[in-house]
Structures are given as C-alpha cells and as structure tokens.
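One file, input18.txt, is given below (compact mmCIF, C-alpha atoms).
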# COMPACT_ATOMS: atom_id res chain seq x y z
CA MET A 1 -27.28 -3.64 -19.57
CA ALA A 2 -26.76 -3.62 -15.79
CA GLN A 3 -29.07 -1.42 -13.76
CA PHE A 4 -27.77 1.77 -12.14
CA ASP A 5 -27.88 1.04 -8.39
CA ARG A 6 -26.43 3.67 -6.05
CA LYS A 7 -25.87 1.15 -3.24
CA ILE A 8 -23.86 -1.21 -5.44
CA ILE A 9 -21.86 1.63 -7.03
CA GLY A 10 -21.19 3.10 -3.59
CA LYS A 11 -20.07 -0.24 -2.14
CA ASN A 12 -17.73 -0.76 -5.09
CA ILE A 13 -16.27 2.75 -4.85
CA LYS A 14 -15.65 2.13 -1.15
CA SER A 15 -13.91 -1.16 -2.02
CA LEU A 16 -11.71 0.63 -4.55
CA ARG A 17 -10.84 3.37 -2.06
CA GLU A 18 -10.02 0.82 0.64
CA ALA A 19 -7.95 -1.20 -1.86
CA SER A 20 -5.95 1.96 -2.51
CA GLY A 21 -5.30 2.38 1.22
CA LEU A 22 -6.77 5.88 1.29
CA SER A 23 -8.98 7.35 3.98
CA GLN A 24 -12.16 9.12 2.88
CA LEU A 25 -10.51 12.44 3.74
CA ASP A 26 -7.35 11.80 1.71
CA PHE A 27 -9.38 10.45 -1.20
CA SER A 28 -11.70 13.47 -1.10
CA HIS A 29 -8.68 15.78 -1.48
CA LEU A 30 -7.37 13.84 -4.46
CA VAL A 31 -10.65 13.88 -6.40
CA ASP A 32 -11.71 17.34 -5.18
CA ILE A 33 -14.98 16.14 -3.65
CA SER A 34 -15.95 16.79 -0.02
CA ARG A 35 -15.43 13.99 2.48
CA ARG A 36 -19.14 14.13 3.29
CA SER A 37 -20.00 13.60 -0.39
CA ILE A 38 -17.59 10.66 -0.56
CA ALA A 39 -19.29 9.16 2.51
CA ASN A 40 -22.72 9.66 0.91
CA ILE A 41 -21.60 8.10 -2.37
CA GLU A 42 -20.13 5.10 -0.54
CA ALA A 43 -23.33 4.69 1.50
CA GLY A 44 -25.42 4.88 -1.66
CA THR A 45 -27.46 7.73 -0.21
CA GLY A 46 -26.62 10.52 -2.61
CA GLY A 47 -23.94 12.63 -4.18
CA ASN A 48 -23.91 10.59 -7.36
CA ASN A 49 -23.86 13.40 -9.85
CA LEU A 50 -22.06 12.56 -13.07
CA ASP A 51 -19.24 15.06 -12.54
CA MET A 52 -18.33 13.51 -9.17
CA LEU A 53 -18.56 9.97 -10.50
CA ASP A 54 -16.47 10.90 -13.54
CA ARG A 55 -13.71 12.26 -11.28
CA ILE A 56 -13.77 9.07 -9.19
CA PHE A 57 -13.79 6.73 -12.20
CA SER A 58 -11.00 8.71 -13.89
CA PHE A 59 -8.90 8.58 -10.73
CA PHE A 60 -9.24 4.79 -10.49
CA ASN A 61 -9.03 4.39 -14.29
CA ILE A 62 -12.24 2.35 -14.44
CA LYS A 63 -15.52 2.44 -16.38
CA ILE A 64 -18.91 2.95 -14.77
CA SER A 65 -19.89 -0.52 -15.98
CA ASP A 66 -17.18 -1.98 -13.72
CA THR A 67 -18.99 -0.56 -10.68
CA LEU A 68 -22.44 -1.84 -11.65
CA LYS A 69 -21.56 -5.45 -10.83
CA LYS A 70 -22.58 -6.72 -7.38
CA GLU A 71 -18.95 -7.18 -6.42
CA ILE A 72 -16.14 -5.42 -8.22
CA GLN A 73 -13.02 -7.40 -9.04
CA ILE A 74 -10.03 -5.51 -7.68
CA PRO A 75 -6.70 -6.51 -9.17
CA ILE A 76 -3.90 -7.68 -6.93
CA ASN A 77 -1.50 -4.83 -6.12
CA PHE A 78 -4.16 -2.24 -6.96
CA ARG A 79 -2.42 0.38 -4.79
CA GLU A 80 0.87 -0.16 -6.59
CA THR A 81 -0.91 0.13 -9.96
CA LEU A 82 -2.48 3.43 -8.86
CA ILE A 83 0.95 4.74 -7.91
CA SER A 84 2.28 3.76 -11.32
CA ASN A 85 -0.69 5.31 -13.16
CA HIS A 86 -0.37 8.58 -11.24
CA LYS A 87 3.43 8.78 -10.98
CA ASN A 88 3.37 12.47 -11.97
CA ASN A 89 0.73 13.33 -9.34
CA LYS A 90 2.84 14.50 -6.40
CA PRO A 91 -0.09 14.93 -3.95
CA LEU A 92 -1.20 11.36 -4.64
CA LEU A 93 2.29 9.99 -4.23
CA LEU A 94 2.61 11.79 -0.89
CA LEU A 95 -0.70 10.34 0.34
CA LEU A 96 0.05 6.83 -0.90
CA GLY A 97 3.48 7.09 0.70
CA LYS A 98 1.83 7.45 4.09
CA LYS A 99 0.95 4.47 6.23
CA PRO A 100 -2.35 3.07 4.90
CA ASN A 101 -5.34 2.62 7.15
CA ILE A 102 -5.55 -0.62 9.15
CA THR A 103 -8.39 -1.93 6.96
CA TYR A 104 -6.12 -1.84 3.92
CA ALA A 105 -3.23 -3.42 5.82
CA ILE A 106 -5.38 -6.35 6.91
CA LYS A 107 -7.45 -6.94 3.77
CA TYR A 108 -4.80 -6.35 1.15
CA LYS A 109 -1.54 -7.40 2.79
CA LEU A 110 -2.17 -9.66 5.78
CA LEU A 111 -5.06 -11.69 4.34
CA LYS A 112 -3.44 -11.93 0.91
CA SER A 113 -0.35 -13.50 2.49
CA ASP A 114 0.18 -16.93 4.00
CA PHE A 115 1.43 -15.32 7.21
CA ILE A 116 -1.64 -16.03 9.33
CA ASN A 117 -2.50 -19.43 7.92
CA LEU A 118 -1.25 -20.57 11.32
CA PRO A 119 -2.35 -18.76 14.52
CA LYS A 120 -0.41 -15.57 15.35
CA GLU A 121 -0.45 -13.21 18.31
CA VAL A 122 -1.00 -9.47 17.82
CA ASN A 123 2.69 -8.75 18.45
CA GLU A 124 3.65 -11.09 15.61
CA ILE A 125 1.15 -9.35 13.33
CA LYS A 126 2.61 -5.98 14.35
CA LEU A 127 6.03 -7.22 13.20
CA PHE A 128 4.51 -8.37 9.89
CA PHE A 129 3.26 -4.82 9.23
CA GLU A 130 6.56 -3.29 10.33
CA GLN A 131 8.19 -5.03 7.33
CA TYR A 132 6.31 -2.47 5.22
CA GLY A 133 7.29 0.39 7.53
CA TRP A 134 3.78 0.53 9.01
CA VAL A 135 3.37 0.80 12.77
CA TYR A 136 -0.05 0.14 14.28
CA LEU A 137 -1.12 -0.18 17.90
CA GLY A 138 -1.88 -3.71 19.04
CA THR A 139 -5.39 -2.66 20.07
CA SER A 140 -6.03 -1.20 16.61
CA ILE A 141 -4.93 -4.45 15.01
CA SER A 142 -7.02 -6.66 17.30
CA ASN A 143 -10.11 -4.43 16.89
CA ALA A 144 -9.76 -4.47 13.11
CA LEU A 145 -9.25 -8.25 13.07
CA LYS A 146 -12.45 -8.71 15.10
CA ARG A 147 -14.37 -6.85 12.37
CA GLU A 148 -13.13 -9.46 9.87
CA HIS A 149 -15.01 -12.28 11.65
CA ASP A 150 -15.89 -13.94 8.33
CA ARG A 151 -12.21 -14.18 7.35
CA ILE A 152 -10.34 -14.32 10.67
CA GLN A 153 -10.65 -16.94 13.36
CA ILE A 154 -9.95 -15.77 16.90
CA GLY A 155 -8.89 -18.25 19.55
CA GLU A 156 -7.44 -18.26 23.02
CA HIS A 157 -3.71 -18.83 23.29
CA LYS A 158 -2.97 -22.36 24.51
CA PHE A 159 -0.36 -21.30 27.04
CA LYS A 160 -0.80 -17.58 27.77
CA LYS A 161 -3.79 -16.33 29.74
CA ASN A 162 -5.72 -13.35 28.38
CA THR A 163 -3.95 -13.64 25.03
CA TYR A 164 -5.64 -14.33 21.71
CA VAL A 165 -4.34 -15.73 18.47
CA TYR A 166 -5.63 -14.95 15.00
CA SER A 167 -5.61 -17.12 11.91
CA LYS A 168 -7.12 -17.03 8.46
CA ILE A 169 -10.34 -18.98 8.00
CA ASP A 170 -9.95 -21.55 5.27
CA THR A 171 -12.66 -20.42 2.85
CA ASP A 172 -11.86 -23.24 0.39
CA SER A 173 -13.20 -25.86 2.80
CA LYS A 174 -16.58 -24.11 3.24

Reformat the file's structure so that it appears as structure tokens.
Amino acid sequence: MAQFDRKIIGKNIKSLREASGLSQLDFSHLVDISRRSIANIEAGTGGNNLDMLDRIFSFFNIKISDTLKKEIQIPINFRETLISNHKNNKPLLLLLGKKPNITYAIKYKLLKSDFINLPKEVNEIKLFFEQYGWVYLGTSISNALKREHDRIQIGEHKFKKNTYVYSKIDTDSK
C-alpha cells in the first residue's frame, strides 16, 4: 500500500484544482473549507483531516489512493467532466462558467493544443484564448508563460524589437 504523504496528496489536490480551472477561493466555497485550509492542504503543511479530504475527494470523484501516487493522472477534459458530474450543482456551474485562471488556460488548453508548436507572439495567444471567451492581459499571459520555463521556449522576435515569441518545447526529443 502507498504511504500517506501530505506533500504528495497536497500537490495532487492542487493539480486537480488547477485542472478544474478553479481558484483556491472558488474551490474553498464549493467544498466548504476555508481558503487558508485549502492552501495548507496544497502545501502539505496541514489541514488534512479526514472530513476535509473526504469533501475534496467526493467533489473530484476520486479515491484517496489516486492522490497517493507521486504524480496524479488527470484525464483530458477534466473540467468538462466535472461540469457533467455536477450538472445539478448551480454554484459550481456558475464558477466553472467564469473565465478560468491563467494557469488553467495555459496548462490545459494552450499546451494541450498544437497552436504554439510554432513561435507565437502574446497577441496571437490572446486571440487563441478569446476563442473560448476568455480575455487575459498580455502581461498576465507573458508572466504565466515565463513560469512554464520547462514547457515553453521564449525567444526574441526575428523582426520586431522588444518583442518575444513563445513556443512549446518538444519534450519527445529530450
């Protein structure tokens, strides 16, 4: 049996929350746990009482054993599956109807697409997100892309000064 490790469980819960496109605050409202407790659980520093974990696991429709693995496998279209599973939960549907955080947009839409296989400017990436009805500031996009340095390559534009282009790093060739 896998060992109970708060850090691993917390990291996996954070991954699930991010894959759902929910902020800590919105998620805390849905599972009726304080935002501070959610932050502590995700950091692996506390708050892991069984009642809280049960609410979280029930919300995501997962077993505790799924969160004991070093890296949880999140299904494609996890957010859409959550919406389907909770179709009678009006507060959830309202929150998932909102624009997701930029982390979700990049990890679960932009990087899962072929759109940035070739270098793109921030304005092109903005237009990609607008297809989903999501409007983000260019600075928010570029800052979030910089945090994905292991998945995103940043280069200077060949023709425009002070302009950067972003492309997906080919992880298959590593």

- Query: Neighbours of region 42-45 of chain A within 12 Å (all atoms listed in the file; same-chain residues fewer than 5 positions away dropped), as a PyMOL selection string?
  - Reply: chain A and resi 4-18+24+28+35-37+53+56+67

- Query: Within 10 Å of region 84-87 of chain A, counting all atoms listed in the file, which residues qualify if same-chain residues fewer than 5 places away don't, as a PyMOL selection string?
  - Reply: chain A and resi 59-61+78-79+92-93

Expected file: the selected residues, C-alpha atoms, as an mmCIF file, keeping the file's coordinate frame:
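Done, and the output landed in part-v9.cif:
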data_model
loop_
_atom_site.group_PDB
_atom_site.id
_atom_site.type_symbol
_atom_site.label_atom_id
_atom_site.label_comp_id
_atom_site.auth_asym_id
_atom_site.auth_seq_id
_atom_site.Cartn_x
_atom_site.Cartn_y
_atom_site.Cartn_z
ATOM 1 C CA PHE A 59 -8.900 8.580 -10.730
ATOM 2 C CA PHE A 60 -9.240 4.790 -10.490
ATOM 3 C CA ASN A 61 -9.030 4.390 -14.290
ATOM 4 C CA PHE A 78 -4.160 -2.240 -6.960
ATOM 5 C CA ARG A 79 -2.420 0.380 -4.790
ATOM 6 C CA LEU A 92 -1.200 11.360 -4.640
ATOM 7 C CA LEU A 93 2.290 9.990 -4.230
#

Using all atoms listed in the file, what table do you get, as a tab-separated table, when you list each residue of region 5-30 of chain A with an atom no more than 7 Å from region 100-108 of chain A, its nearest pair of atoms, and their distance in Å rounded to one decimal, rows by chain then rising number?
residue	atom	partner	partner_atom	distance
A:Glu18	CA	A:Tyr104	CA	5.7
A:Ala19	CA	A:Tyr104	CA	6.1
A:Gly21	CA	A:Pro100	CA	4.8
A:Leu22	CA	A:Pro100	CA	6.4
A:Ser23	CA	A:Asn101	CA	6.8

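Each of A:Ile152, A:Ile72, A:Ile64, A:Ile38 was compared to Asp26 (chain A) using all atoms listed in the file, and A:Ile38 turns out to be the nearest.
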
- Closest of A:Gly97, A:Pro91, A:Gly46, A:Gly133 to Ser20 (chain A) - atom-to-atom distances counting only C-alpha atoms: A:Gly97

- Query: Got a sec to check which residues sit within 12 Å of (-2.0, -15.3, 25.8), counting all atoms listed in the file, and write them as a list in words?
  - Reply: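 Here the neighbourhood of the point contains Pro119, Lys120, Glu121, Val122, Asn123, Ile154, Gly155, Glu156, His157, Lys158, Phe159, Lys160, Lys161, Asn162, Thr163, Tyr164, Val165 and Tyr166 of chain A.
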
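Minimum atom-to-atom distance to Lys98 (chain A), evaluated using all atoms listed in the file, belongs to A:Trp134 out of A:Asp114, A:Trp134, A:Phe57, A:Leu68.
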
- What is the CA of Lys63 (chain A) to CA of Asn49 (chain A) distance in Å?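 Computed distance, CA of Lys63 (chain A) to CA of Asn49 (chain A), equals 15.2 Å.
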
- Task: May I ask for the distance between CA of Lys126 (chain A) and CA of Ile141 (chain A), given in Å to one decimal place?
- Result: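 Going from CA of Lys126 (chain A) over to CA of Ile141 (chain A) covers 7.7 Å.
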
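Closest to Gln153 (chain A) among A:Ile116, A:Ile74, A:Val135, A:Leu110 is A:Ile116, based on all atoms listed in the file.
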
- Query: When you draw a straight line from CA of Lys168 (chain A) to CA of Lys146 (chain A), how long is it in Å?
  - Reply: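 According to the coordinates, CA of Lys168 (chain A) and CA of Lys146 (chain A) are separated by 11.9 Å.
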
Who sits within 9 Å of Arg55 (chain A), all atoms listed in the file, same chain under 4 positions skipped, as a compact mmCIF listing (two decimals) with C-alpha atoms, in the frame of the given file:
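This is the output file result_3.txt:
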# COMPACT_ATOMS: atom_id res chain seq x y z
CA VAL A 31 -10.65 13.88 -6.40
CA ASP A 32 -11.71 17.34 -5.18
CA ILE A 33 -14.98 16.14 -3.65
CA LEU A 50 -22.06 12.56 -13.07
CA ASP A 51 -19.24 15.06 -12.54
CA PHE A 59 -8.90 8.58 -10.73
CA PHE A 60 -9.24 4.79 -10.49
